[in-house]
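Engineer: To start, I am sharing the structure in question, which I have written as structure tokens.
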Amino acid sequence: MEILIYVVAYGIGLALNIAILAASLFLVEDRNASSFKELGVGPTLARCAGVALATLLLSFLPFGFLLSLVAWFIGIMFLFQKTFVQTLILFLINAIFGCGVLGAVGYVLSKVLRP
């Protein structure tokens with residue numbers, strides 16, 4: 001039963017991180033050269049999901065938080081063909097909100113699974 005609670009909590013956190021990344025991409029990009037226009041909505045969301053899932057899985061490793069930050073930065077640069085400045089802006093926005101989501105998931109899990 002506890003495993004199911006973990007899966008649901010981290011699944012909700014993953015969905016929130018995907019939505020935050022997609023929204024920040026939409027806000028930071030130029031309207032004429034948007035990933036949503038060039039690639040389409042489906043492939044853009046799939047790339048967002050891939051980056052978010054990879055960073056979530058890396059965060060379970062020792063020192064995984066640092067590894068996931070590096071993987072996130074490099075993934076955004078290469079998957080979405082962003083400049084360093086655009087990637088840095090996206091990184092700052094998503095790091096702040098992503099840490100908030102991860103903290104909220106940890107808080108909910110600590111309250112739900114409290115003995």
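By convention in this document, the chains of the structure tokens carry letters A, B, ... by their order, each chain's residues are numbered from 1, and ligands are numbered from 1 in the order they are shown.
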Would you list the contacts of range 108-111 of chain A as a PyMOL selection string, taking every protein, DNA or RNA residue within 8 Å and counting only C-alpha atoms, but skipping same-chain residues closer than 4 positions in sequence?

Structural biologist: chain A and resi 5-6+9+104

Engineer: For the residues in the current selection, export N, CA, C and O atoms as a PDB file, in the first residue's frame.

Structural biologist:
```pdb
ATOM      1  N   ILE A   5       1.130   4.641  -2.695  1.00  0.00           N
ATOM      2  CA  ILE A   5       1.064   6.043  -2.279  1.00  0.00           C
ATOM      3  C   ILE A   5       2.256   6.814  -2.827  1.00  0.00           C
ATOM      4  O   ILE A   5       2.117   7.936  -3.322  1.00  0.00           O
ATOM      5  N   TYR A   6       3.453   6.208  -2.789  1.00  0.00           N
ATOM      6  CA  TYR A   6       4.637   6.842  -3.355  1.00  0.00           C
ATOM      7  C   TYR A   6       4.482   7.060  -4.859  1.00  0.00           C
ATOM      8  O   TYR A   6       4.808   8.125  -5.386  1.00  0.00           O
ATOM      9  N   ALA A   9       1.961   9.886  -5.514  1.00  0.00           N
ATOM     10  CA  ALA A   9       2.495  11.195  -5.131  1.00  0.00           C
ATOM     11  C   ALA A   9       3.550  11.678  -6.117  1.00  0.00           C
ATOM     12  O   ALA A   9       3.523  12.834  -6.568  1.00  0.00           O
ATOM     13  N   ALA A 104       6.827  19.671  -1.637  1.00  0.00           N
ATOM     14  CA  ALA A 104       5.417  19.419  -1.333  1.00  0.00           C
ATOM     15  C   ALA A 104       5.113  17.927  -1.350  1.00  0.00           C
ATOM     16  O   ALA A 104       4.375  17.429  -0.490  1.00  0.00           O
TER      17      ALA A 104
END
```

Engineer: Mind checking which residues fall within 9 Å of range 40-46 of chain A, counting only C-alpha atoms, ignoring those fewer than 5 positions away in the same chain, and posting them as a PDB file with C-alpha atoms, in the first residue's frame?

Structural biologist:
```
ATOM      1  CA  ILE A  18       5.898  18.710 -16.940  1.00  0.00           C
ATOM      2  CA  ALA A  19       3.243  21.432 -16.836  1.00  0.00           C
ATOM      3  CA  LEU A  21       8.318  23.190 -17.914  1.00  0.00           C
ATOM      4  CA  ALA A  22       5.822  23.470 -20.778  1.00  0.00           C
ATOM      5  CA  SER A  35       8.925  24.777 -29.838  1.00  0.00           C
ATOM      6  CA  VAL A  51      13.404  15.624 -19.245  1.00  0.00           C
ATOM      7  CA  PHE A  80      14.854  22.211 -27.459  1.00  0.00           C
TER       8      PHE A  80
END
```

Engineer: A:Leu61, A:Leu67, A:Ile76, A:Ile12: which is nearest Asn94 in chain A, counting only C-alpha atoms?

Structural biologist: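 Of the candidates, the smallest distance to Asn94 in chain A is held by A:Ile76.
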
Engineer: From the options A:Ile20, A:Ala95, A:Cys48, A:Leu102, which residue's atoms come nearest to Phe60 in chain A, counting only C-alpha atoms?

Structural biologist: A:Leu102

Engineer: Interatomic distance between CA of Val101 in chain A and CA of Gln86 in chain A?

Structural biologist: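 Taking CA of Val101 in chain A and CA of Gln86 in chain A, their separation equals 22.1 Å.
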
Engineer: Nearest residue to Gly98 in chain A out of A:Leu25, A:Leu69, A:Leu113, A:Leu58, using only C-alpha atoms?

Structural biologist: A:Leu69

Engineer: Let me make sure I understand: among A:Gly75, A:Gly13, A:Ile3, A:Ala23, which one has the smallest atom-to-atom distance to Gly103 in chain A if we use only C-alpha atoms?

Structural biologist: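 Among the listed residues, the smallest separation from Gly103 in chain A belongs to A:Gly13.
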
Engineer: Write out as an NGL selection string which residues come within 8 Å of Leu14 in chain A when counting only C-alpha atoms, dropping same-chain ones fewer than 2 positions away.

Structural biologist: :A and (10-12 or 16-18 or 52-53 or 56)

Engineer: Save out the residues we just selected, N, CA and C atoms, as a PDB file, in the first residue's frame.

Structural biologist:
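Final output, part_9.pdb:
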```
ATOM      1  N   TYR A  10       4.480  10.797  -6.481  1.00  0.00           N
ATOM      2  CA  TYR A  10       5.512  11.201  -7.427  1.00  0.00           C
ATOM      3  C   TYR A  10       4.948  11.342  -8.842  1.00  0.00           C
ATOM      4  N   GLY A  11       3.897  10.615  -9.174  1.00  0.00           N
ATOM      5  CA  GLY A  11       3.238  10.791 -10.470  1.00  0.00           C
ATOM      6  C   GLY A  11       2.593  12.160 -10.587  1.00  0.00           C
ATOM      7  N   ILE A  12       1.951  12.600  -9.519  1.00  0.00           N
ATOM      8  CA  ILE A  12       1.362  13.937  -9.507  1.00  0.00           C
ATOM      9  C   ILE A  12       2.457  15.000  -9.579  1.00  0.00           C
ATOM     10  N   LEU A  16       3.041  17.799 -12.546  1.00  0.00           N
ATOM     11  CA  LEU A  16       3.194  19.228 -12.264  1.00  0.00           C
ATOM     12  C   LEU A  16       4.490  19.773 -12.849  1.00  0.00           C
ATOM     13  N   ASN A  17       5.574  19.011 -12.750  1.00  0.00           N
ATOM     14  CA  ASN A  17       6.848  19.456 -13.323  1.00  0.00           C
ATOM     15  C   ASN A  17       6.772  19.554 -14.840  1.00  0.00           C
ATOM     16  N   ILE A  18       6.075  18.634 -15.486  1.00  0.00           N
ATOM     17  CA  ILE A  18       5.898  18.710 -16.940  1.00  0.00           C
ATOM     18  C   ILE A  18       5.110  19.969 -17.303  1.00  0.00           C
ATOM     19  N   ALA A  52      11.665  15.708 -17.545  1.00  0.00           N
ATOM     20  CA  ALA A  52      11.146  15.661 -16.175  1.00  0.00           C
ATOM     21  C   ALA A  52      11.293  14.260 -15.576  1.00  0.00           C
ATOM     22  N   LEU A  53      11.021  13.222 -16.366  1.00  0.00           N
ATOM     23  CA  LEU A  53      11.150  11.855 -15.861  1.00  0.00           C
ATOM     24  C   LEU A  53      12.605  11.500 -15.579  1.00  0.00           C
ATOM     25  N   LEU A  56      13.656  13.222 -12.410  1.00  0.00           N
ATOM     26  CA  LEU A  56      13.017  12.603 -11.248  1.00  0.00           C
ATOM     27  C   LEU A  56      13.729  11.302 -10.875  1.00  0.00           C
TER      28      LEU A  56
END
```

Engineer: Please provide as a short mmCIF file (atom, residue, chain, number, x, y, z; two decimals) with all heavy atoms, in the first residue's frame all residues within 12 Å of Met77 in chain A, with the sequence filter that same-chain residues fewer than 2 positions apart are discarded (counting only C-alpha atoms).

Structural biologist:
```cif
data_model
loop_
_atom_site.label_atom_id
_atom_site.label_comp_id
_atom_site.auth_asym_id
_atom_site.auth_seq_id
_atom_site.Cartn_x
_atom_site.Cartn_y
_atom_site.Cartn_z
N LEU A 25 8.45 27.17 -21.03
CA LEU A 25 8.89 27.19 -22.43
C LEU A 25 8.02 28.14 -23.24
O LEU A 25 8.53 28.92 -24.06
CB LEU A 25 8.81 25.79 -23.04
CG LEU A 25 10.00 24.88 -22.89
CD1 LEU A 25 9.66 23.49 -23.39
CD2 LEU A 25 11.20 25.41 -23.62
N ARG A 47 8.94 15.67 -25.04
CA ARG A 47 10.30 16.05 -24.64
C ARG A 47 10.31 16.60 -23.22
O ARG A 47 11.22 16.32 -22.45
CB ARG A 47 10.87 17.07 -25.62
CG ARG A 47 11.17 16.47 -26.97
CD ARG A 47 11.68 17.50 -27.94
NE ARG A 47 11.88 16.88 -29.24
CZ ARG A 47 12.66 17.38 -30.17
NH1 ARG A 47 13.28 18.52 -29.98
NH2 ARG A 47 12.81 16.75 -31.31
N VAL A 51 12.47 14.89 -20.12
CA VAL A 51 13.40 15.62 -19.24
C VAL A 51 12.95 15.52 -17.79
O VAL A 51 13.76 15.26 -16.88
CB VAL A 51 13.52 17.10 -19.69
CG1 VAL A 51 14.27 17.92 -18.66
CG2 VAL A 51 14.21 17.19 -21.03
N VAL A 70 22.19 19.00 -13.59
CA VAL A 70 23.07 19.02 -14.76
C VAL A 70 22.37 18.37 -15.95
O VAL A 70 22.40 18.90 -17.07
CB VAL A 70 24.41 18.31 -14.44
CG1 VAL A 70 25.24 18.12 -15.69
CG2 VAL A 70 25.18 19.08 -13.39
N ALA A 71 21.72 17.24 -15.72
CA ALA A 71 21.01 16.55 -16.81
C ALA A 71 19.86 17.41 -17.34
O ALA A 71 19.62 17.45 -18.55
CB ALA A 71 20.48 15.21 -16.32
N TRP A 72 19.18 18.10 -16.45
CA TRP A 72 18.08 18.97 -16.86
C TRP A 72 18.61 20.09 -17.76
O TRP A 72 18.05 20.35 -18.82
CB TRP A 72 17.40 19.56 -15.63
CG TRP A 72 16.11 20.22 -15.94
CD1 TRP A 72 14.88 19.67 -15.85
CD2 TRP A 72 15.92 21.55 -16.41
NE1 TRP A 72 13.93 20.58 -16.24
CE2 TRP A 72 14.55 21.74 -16.60
CE3 TRP A 72 16.78 22.59 -16.71
CZ2 TRP A 72 14.02 22.93 -17.05
CZ3 TRP A 72 16.25 23.78 -17.17
CH2 TRP A 72 14.89 23.94 -17.33
N PHE A 73 19.69 20.74 -17.34
CA PHE A 73 20.26 21.86 -18.10
C PHE A 73 20.71 21.40 -19.48
O PHE A 73 20.39 22.02 -20.50
CB PHE A 73 21.43 22.46 -17.31
CG PHE A 73 21.85 23.81 -17.80
CD1 PHE A 73 21.21 24.94 -17.35
CD2 PHE A 73 22.89 23.95 -18.70
CE1 PHE A 73 21.59 26.18 -17.78
CE2 PHE A 73 23.28 25.18 -19.15
CZ PHE A 73 22.63 26.31 -18.69
N ILE A 74 21.44 20.31 -19.53
CA ILE A 74 21.95 19.80 -20.81
C ILE A 74 20.80 19.30 -21.68
O ILE A 74 20.78 19.52 -22.89
CB ILE A 74 23.00 18.71 -20.56
CG1 ILE A 74 24.24 19.33 -19.94
CG2 ILE A 74 23.36 17.98 -21.85
CD1 ILE A 74 25.27 18.33 -19.46
N GLY A 75 19.82 18.64 -21.07
CA GLY A 75 18.67 18.15 -21.83
C GLY A 75 17.88 19.26 -22.48
O GLY A 75 17.46 19.14 -23.64
N LEU A 79 17.63 19.18 -26.44
CA LEU A 79 16.33 18.76 -26.95
C LEU A 79 15.52 19.90 -27.56
O LEU A 79 14.79 19.70 -28.52
CB LEU A 79 15.50 18.11 -25.83
CG LEU A 79 15.93 16.71 -25.40
CD1 LEU A 79 15.09 16.25 -24.24
CD2 LEU A 79 15.82 15.74 -26.56
N PHE A 80 15.65 21.08 -26.99
CA PHE A 80 14.85 22.21 -27.46
C PHE A 80 15.67 23.24 -28.23
O PHE A 80 15.14 24.26 -28.64
CB PHE A 80 14.13 22.88 -26.28
CG PHE A 80 13.10 21.99 -25.65
CD1 PHE A 80 13.36 21.36 -24.45
CD2 PHE A 80 11.88 21.78 -26.25
CE1 PHE A 80 12.42 20.54 -23.86
CE2 PHE A 80 10.93 20.97 -25.68
CZ PHE A 80 11.20 20.35 -24.48
N GLN A 81 16.97 23.01 -28.39
CA GLN A 81 17.86 23.91 -29.14
C GLN A 81 17.77 25.35 -28.63
O GLN A 81 17.52 26.28 -29.38
CB GLN A 81 17.54 23.85 -30.64
CG GLN A 81 17.67 22.48 -31.25
CD GLN A 81 19.08 21.94 -31.18
OE1 GLN A 81 20.03 22.68 -31.44
NE2 GLN A 81 19.24 20.69 -30.80
N LYS A 82 17.97 25.51 -27.32
CA LYS A 82 17.91 26.82 -26.70
C LYS A 82 19.31 27.37 -26.51
O LYS A 82 20.29 26.63 -26.39
CB LYS A 82 17.21 26.74 -25.34
CG LYS A 82 15.79 26.27 -25.42
CD LYS A 82 14.96 27.29 -26.14
CE LYS A 82 13.70 26.70 -26.66
NZ LYS A 82 13.21 27.35 -27.84
N THR A 83 19.40 28.70 -26.47
CA THR A 83 20.68 29.34 -26.19
C THR A 83 20.99 29.18 -24.70
O THR A 83 20.13 28.78 -23.91
CB THR A 83 20.62 30.84 -26.54
OG1 THR A 83 19.66 31.47 -25.69
CG2 THR A 83 20.27 31.05 -28.00
N PHE A 84 22.20 29.52 -24.34
CA PHE A 84 22.61 29.40 -22.95
C PHE A 84 21.76 30.29 -22.05
O PHE A 84 21.35 29.88 -20.97
CB PHE A 84 24.10 29.74 -22.80
CG PHE A 84 24.60 29.60 -21.40
CD1 PHE A 84 24.91 28.36 -20.88
CD2 PHE A 84 24.75 30.71 -20.58
CE1 PHE A 84 25.36 28.21 -19.58
CE2 PHE A 84 25.20 30.58 -19.28
CZ PHE A 84 25.50 29.33 -18.79
N VAL A 85 21.48 31.51 -22.50
CA VAL A 85 20.71 32.46 -21.68
C VAL A 85 19.27 31.97 -21.52
O VAL A 85 18.72 32.00 -20.41
CB VAL A 85 20.75 33.88 -22.30
CG1 VAL A 85 19.85 34.83 -21.55
CG2 VAL A 85 22.18 34.40 -22.31
N GLN A 86 18.65 31.49 -22.60
CA GLN A 86 17.29 30.97 -22.51
C GLN A 86 17.24 29.76 -21.58
O GLN A 86 16.32 29.62 -20.77
CB GLN A 86 16.76 30.56 -23.89
CG GLN A 86 16.39 31.71 -24.77
CD GLN A 86 15.97 31.22 -26.15
OE1 GLN A 86 16.50 30.25 -26.67
NE2 GLN A 86 15.01 31.92 -26.74
N THR A 87 18.24 28.89 -21.70
CA THR A 87 18.29 27.71 -20.84
C THR A 87 18.49 28.10 -19.39
O THR A 87 17.89 27.51 -18.49
CB THR A 87 19.41 26.76 -21.30
OG1 THR A 87 19.25 26.47 -22.69
CG2 THR A 87 19.39 25.47 -20.52
N LEU A 88 19.30 29.10 -19.14
CA LEU A 88 19.53 29.57 -17.77
C LEU A 88 18.25 30.14 -17.17
O LEU A 88 17.93 29.87 -16.01
CB LEU A 88 20.65 30.61 -17.74
CG LEU A 88 21.11 31.07 -16.38
CD1 LEU A 88 21.68 29.89 -15.59
CD2 LEU A 88 22.15 32.16 -16.50
N ILE A 89 17.50 30.91 -17.95
CA ILE A 89 16.23 31.45 -17.46
C ILE A 89 15.25 30.32 -17.16
O ILE A 89 14.61 30.29 -16.10
CB ILE A 89 15.63 32.45 -18.47
CG1 ILE A 89 16.49 33.70 -18.56
CG2 ILE A 89 14.20 32.83 -18.10
CD1 ILE A 89 16.16 34.61 -19.72
N LEU A 90 15.13 29.37 -18.08
CA LEU A 90 14.26 28.21 -17.86
C LEU A 90 14.72 27.41 -16.65
O LEU A 90 13.91 26.92 -15.87
CB LEU A 90 14.24 27.31 -19.10
CG LEU A 90 13.49 27.83 -20.30
CD1 LEU A 90 13.81 26.99 -21.52
CD2 LEU A 90 12.01 27.85 -20.03
N PHE A 91 16.03 27.28 -16.51
CA PHE A 91 16.60 26.53 -15.39
C PHE A 91 16.22 27.16 -14.06
O PHE A 91 15.80 26.46 -13.13
CB PHE A 91 18.12 26.47 -15.55
CG PHE A 91 18.82 25.75 -14.46
CD1 PHE A 91 18.79 24.37 -14.40
CD2 PHE A 91 19.54 26.43 -13.51
CE1 PHE A 91 19.45 23.69 -13.40
CE2 PHE A 91 20.20 25.77 -12.50
CZ PHE A 91 20.16 24.39 -12.44
#
```

Engineer: Give the helix (DSSP H, G or I) residues of chain A, as DSSP finds them on the backbone, and put them as a PyMOL selection string.

Structural biologist: chain A and resi 2-28+35-38+41-58+64-79+84-112
